[in-house]
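Dropping query.cif in here (mmCIF, C-alpha atoms):
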```cif
data_entry
loop_
_atom_site.label_atom_id
_atom_site.label_comp_id
_atom_site.auth_asym_id
_atom_site.auth_seq_id
_atom_site.Cartn_x
_atom_site.Cartn_y
_atom_site.Cartn_z
CA MET A 25 -7.38 -9.98 0.06
CA ASN A 26 -5.34 -13.06 0.89
CA GLY A 27 -4.68 -15.08 -2.23
CA VAL A 28 -5.74 -12.36 -4.67
CA LYS A 29 -2.33 -12.12 -6.33
CA LYS A 30 -2.18 -15.83 -7.03
CA MET A 31 -5.52 -15.87 -8.83
CA TYR A 32 -5.77 -12.43 -10.40
CA ASP A 33 -2.69 -10.54 -11.49
CA PRO A 34 -2.92 -8.24 -13.24
CA ILE A 35 -6.35 -6.85 -12.53
CA ILE A 36 -7.59 -4.90 -15.55
CA PHE A 37 -10.06 -2.11 -14.83
CA ASP A 38 -12.18 -0.01 -17.16
CA LEU A 39 -12.25 3.75 -16.54
CA ASP A 40 -15.66 5.32 -17.22
CA GLY A 41 -18.27 3.90 -14.89
CA THR A 42 -15.76 1.70 -13.06
CA LEU A 43 -12.81 3.67 -11.71
CA LEU A 44 -14.31 7.12 -12.21
CA ASN A 45 -17.78 8.58 -12.45
CA THR A 46 -17.23 10.74 -15.54
CA LEU A 47 -20.84 11.00 -16.69
CA GLY A 48 -21.39 14.62 -15.60
CA ASP A 49 -18.38 15.95 -17.50
CA LEU A 50 -19.17 13.85 -20.59
CA ALA A 51 -22.75 15.17 -20.56
CA ALA A 52 -21.59 18.77 -20.10
CA ALA A 53 -19.17 18.47 -23.03
CA GLY A 54 -21.81 16.77 -25.16
CA ASN A 55 -24.43 19.40 -24.43
CA TYR A 56 -21.93 22.18 -25.07
CA ALA A 57 -21.23 20.74 -28.53
CA LEU A 58 -24.93 20.24 -29.24
CA GLU A 59 -25.75 23.82 -28.21
CA ARG A 60 -22.96 25.20 -30.42
CA LEU A 61 -24.41 23.27 -33.37
CA GLY A 62 -27.98 24.36 -32.64
CA PHE A 63 -29.14 20.85 -31.67
CA PRO A 64 -31.32 19.94 -28.69
CA THR A 65 -29.47 18.85 -25.55
CA HIS A 66 -30.01 15.83 -23.29
CA SER A 67 -30.25 15.22 -19.56
CA THR A 68 -27.22 13.80 -17.81
CA ASP A 69 -29.19 10.62 -17.21
CA GLU A 70 -29.79 10.20 -20.97
CA TYR A 71 -26.03 10.16 -21.49
CA ARG A 72 -25.90 6.84 -19.62
CA TYR A 73 -27.28 5.31 -22.83
CA PHE A 74 -24.82 7.13 -25.10
CA VAL A 75 -21.55 6.18 -23.40
CA GLY A 76 -19.67 2.92 -23.43
CA ASN A 77 -17.99 2.67 -26.79
CA GLY A 78 -15.66 5.66 -26.94
CA ILE A 79 -16.16 9.32 -27.76
CA PRO A 80 -16.84 8.92 -31.52
CA LYS A 81 -19.77 6.61 -30.73
CA LEU A 82 -20.95 8.97 -27.97
CA ILE A 83 -21.00 11.82 -30.50
CA GLU A 84 -22.97 9.71 -32.97
CA ARG A 85 -25.52 8.72 -30.33
CA MET A 86 -26.03 12.20 -28.84
CA CYS A 87 -26.50 13.95 -32.20
CA PRO A 88 -29.83 13.83 -33.99
CA GLU A 89 -30.43 10.78 -36.14
CA ASN A 90 -29.05 11.04 -39.68
CA THR A 91 -26.51 13.77 -38.76
CA ASP A 92 -24.03 13.96 -41.63
CA LYS A 93 -20.39 12.93 -41.23
CA GLU A 94 -19.03 16.49 -41.49
CA THR A 95 -21.30 17.68 -38.67
CA LEU A 96 -20.37 14.66 -36.53
CA GLU A 97 -16.69 15.54 -37.00
CA LYS A 98 -17.41 19.16 -36.05
CA ALA A 99 -19.31 17.97 -32.96
CA HIS A 100 -16.36 15.76 -32.04
CA ASP A 101 -13.92 18.67 -32.33
CA ILE A 102 -16.12 20.95 -30.20
CA PHE A 103 -16.66 18.18 -27.66
CA ALA A 104 -12.95 17.31 -27.41
CA GLU A 105 -11.88 20.93 -27.00
CA TYR A 106 -14.42 21.54 -24.23
CA TYR A 107 -13.85 18.18 -22.53
CA GLY A 108 -10.10 18.75 -22.59
CA ARG A 109 -10.58 21.86 -20.44
CA HIS A 110 -13.40 20.54 -18.22
CA LYS A 111 -12.84 16.78 -17.92
CA SER A 112 -12.45 16.87 -14.14
CA ASP A 113 -15.01 19.51 -13.15
CA LEU A 114 -17.56 16.91 -12.01
CA THR A 115 -15.59 13.68 -12.36
CA LYS A 116 -14.75 11.80 -9.18
CA PRO A 117 -13.74 8.33 -8.04
CA TYR A 118 -16.44 5.90 -7.00
CA ASP A 119 -16.67 5.27 -3.28
CA GLY A 120 -14.06 2.78 -2.16
CA MET A 121 -12.00 2.69 -5.36
CA THR A 122 -9.11 4.75 -3.98
CA GLU A 123 -8.83 2.42 -1.00
CA LEU A 124 -9.16 -0.69 -3.17
CA LEU A 125 -6.34 0.37 -5.50
CA LYS A 126 -4.10 1.24 -2.55
CA GLU A 127 -4.79 -2.13 -0.95
CA LEU A 128 -4.11 -4.01 -4.17
CA LYS A 129 -0.81 -2.17 -4.56
CA SER A 130 0.14 -2.90 -0.94
CA LYS A 131 -0.49 -6.61 -1.61
CA GLY A 132 1.70 -6.55 -4.71
CA VAL A 133 -1.18 -6.93 -7.16
CA THR A 134 -0.74 -5.11 -10.45
CA ALA A 135 -3.70 -2.88 -11.35
CA VAL A 136 -3.94 -1.56 -14.91
CA CYS A 137 -6.60 0.20 -16.97
CA ASN A 138 -7.91 -0.57 -20.47
CA THR A 139 -10.40 2.04 -21.67
CA ASN A 140 -12.01 3.29 -24.86
CA LYS A 141 -11.50 6.88 -23.67
CA ASP A 142 -8.74 8.75 -25.51
CA HIS A 143 -5.42 7.88 -23.92
CA GLU A 144 -4.45 11.50 -23.25
CA PHE A 145 -7.64 12.14 -21.27
CA SER A 146 -7.46 8.76 -19.52
CA ASP A 147 -3.90 9.13 -18.38
CA GLU A 148 -4.44 12.65 -17.06
CA LEU A 149 -7.63 11.78 -15.17
CA LEU A 150 -6.35 8.57 -13.63
CA ARG A 151 -3.04 10.10 -12.55
CA LYS A 152 -4.93 13.03 -11.01
CA PHE A 153 -7.29 10.87 -8.98
CA TYR A 154 -5.18 7.76 -8.32
CA GLY A 155 -1.56 8.88 -8.62
CA ASN A 156 0.64 5.88 -9.30
CA SER A 157 -1.84 3.26 -8.08
CA LEU A 158 -2.26 2.01 -11.64
CA THR A 159 0.82 0.51 -13.26
CA GLU A 160 -0.25 1.20 -16.85
CA ILE A 161 -3.11 2.82 -18.72
CA VAL A 162 -4.05 1.89 -22.27
CA GLY A 163 -6.56 4.25 -23.81
CA ALA A 164 -7.82 4.80 -27.34
CA GLY A 165 -5.24 6.00 -29.81
CA LEU A 166 -2.33 3.81 -28.72
CA GLY A 167 -2.55 1.46 -31.69
CA TYR A 168 -5.15 -0.98 -30.37
CA ASN A 169 -8.73 -1.28 -31.55
CA THR A 170 -11.25 -0.18 -28.96
CA LYS A 171 -13.13 -2.69 -26.84
CA PRO A 172 -14.73 -5.11 -27.25
CA ASP A 173 -11.61 -6.03 -29.26
CA PRO A 174 -9.45 -7.91 -26.72
CA ALA A 175 -6.00 -6.92 -28.06
CA ALA A 176 -5.22 -4.22 -25.46
CA ALA A 177 -6.44 -6.41 -22.59
CA ARG A 178 -4.32 -9.30 -23.88
CA TYR A 179 -1.32 -6.99 -24.14
CA LEU A 180 -1.76 -5.92 -20.50
CA ALA A 181 -2.41 -9.47 -19.30
CA ASP A 182 0.69 -10.79 -21.07
CA LYS A 183 2.93 -7.91 -20.01
CA TYR A 184 2.08 -8.23 -16.32
CA ALA A 185 1.44 -11.96 -16.16
CA VAL A 186 2.75 -13.74 -13.08
CA ASN A 187 5.40 -16.36 -13.92
CA GLY A 188 4.58 -15.96 -17.61
CA LYS A 189 0.97 -17.07 -17.13
CA ASN A 190 -2.25 -15.11 -17.35
CA ARG A 191 -5.86 -16.16 -17.08
CA PHE A 192 -6.58 -15.31 -20.74
CA THR A 193 -4.36 -18.01 -22.27
#
```

Representation of the structure as structure tokens:
Amino acid sequence: MNGVKKMYDPIIFDLDGTLLNTLGDLAAAGNYALERLGFPTHSTDEYRYFVGNGIPKLIERMCPENTDKETLEKAHDIFAEYYGRHKSDLTKPYDGMTELLKELKSKGVTAVCNTNKDHEFSDELLRKFYGNSLTEIVGAGLGYNTKPDPAAARYLADKYAVNGKNRFT
């Protein structure tokens, strides 16, 4: 860990698939919504191919092809309501992440999170599993476009830059 702060500060993490294994809860919420709408469900493994671009895109990918906009919105509402109550039933940190974040903090390295997951869900999950190990969390709905747009990452890099410099500029 020696020298980490000089080269990489802040360190910007993603949430789903990086800090937390959320796939099981996302799949459960997705299948709950699909069942309620009378659609076929998917295996948890299939959800690996649906995630990665935020919940609206997950909904679009899990629903049958050519699902109309109104039904997609209904699926999103059902999903969000269920996920809001069950987002940490199966979710857990990846091995070693808790220790890594603690070590970074002990070395004075700023760790932050930029995710496409809704900010409310992101903040609650990360605070539950990592306490105050992350200095700031920027999730969807805070006024930034979702990734791959770099605006939120640039905001975090600039805000926590060491001596006014970050590795993005």

Checklist entry - Can you list what the PyMOL selection byres ((chain A and resi 65) around 10) grabs from this structure, as a PyMOL selection string? => result chain A and resi 51-52+54-59+62-64+66-68+70+86-88

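We find atom CA of A:Cys137 and atom CA of A:Gly78 to be spaced 14.5 Å apart.
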
Checklist entry - Need the neighbours of (-3.1, 6.0, -11.2): which residues are at most 9 Å away, counting all atoms listed in the file, as a VMD selection string? => result chain A and resid 125 135 to 137 147 to 161

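Applied to the shown file, the PyMOL selection byres ((chain A and resi 133) around 7) selects the residues Lys29, Asp33, Pro34, Leu128, Lys129, Lys131, Gly132, Thr134 and Ala135 of chain A.
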
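Of the listed residues (A:Leu43, A:Ala164, A:Leu61, A:Asn138), A:Asn138 comes nearest to A:Leu180; the distances count all atoms listed in the file.
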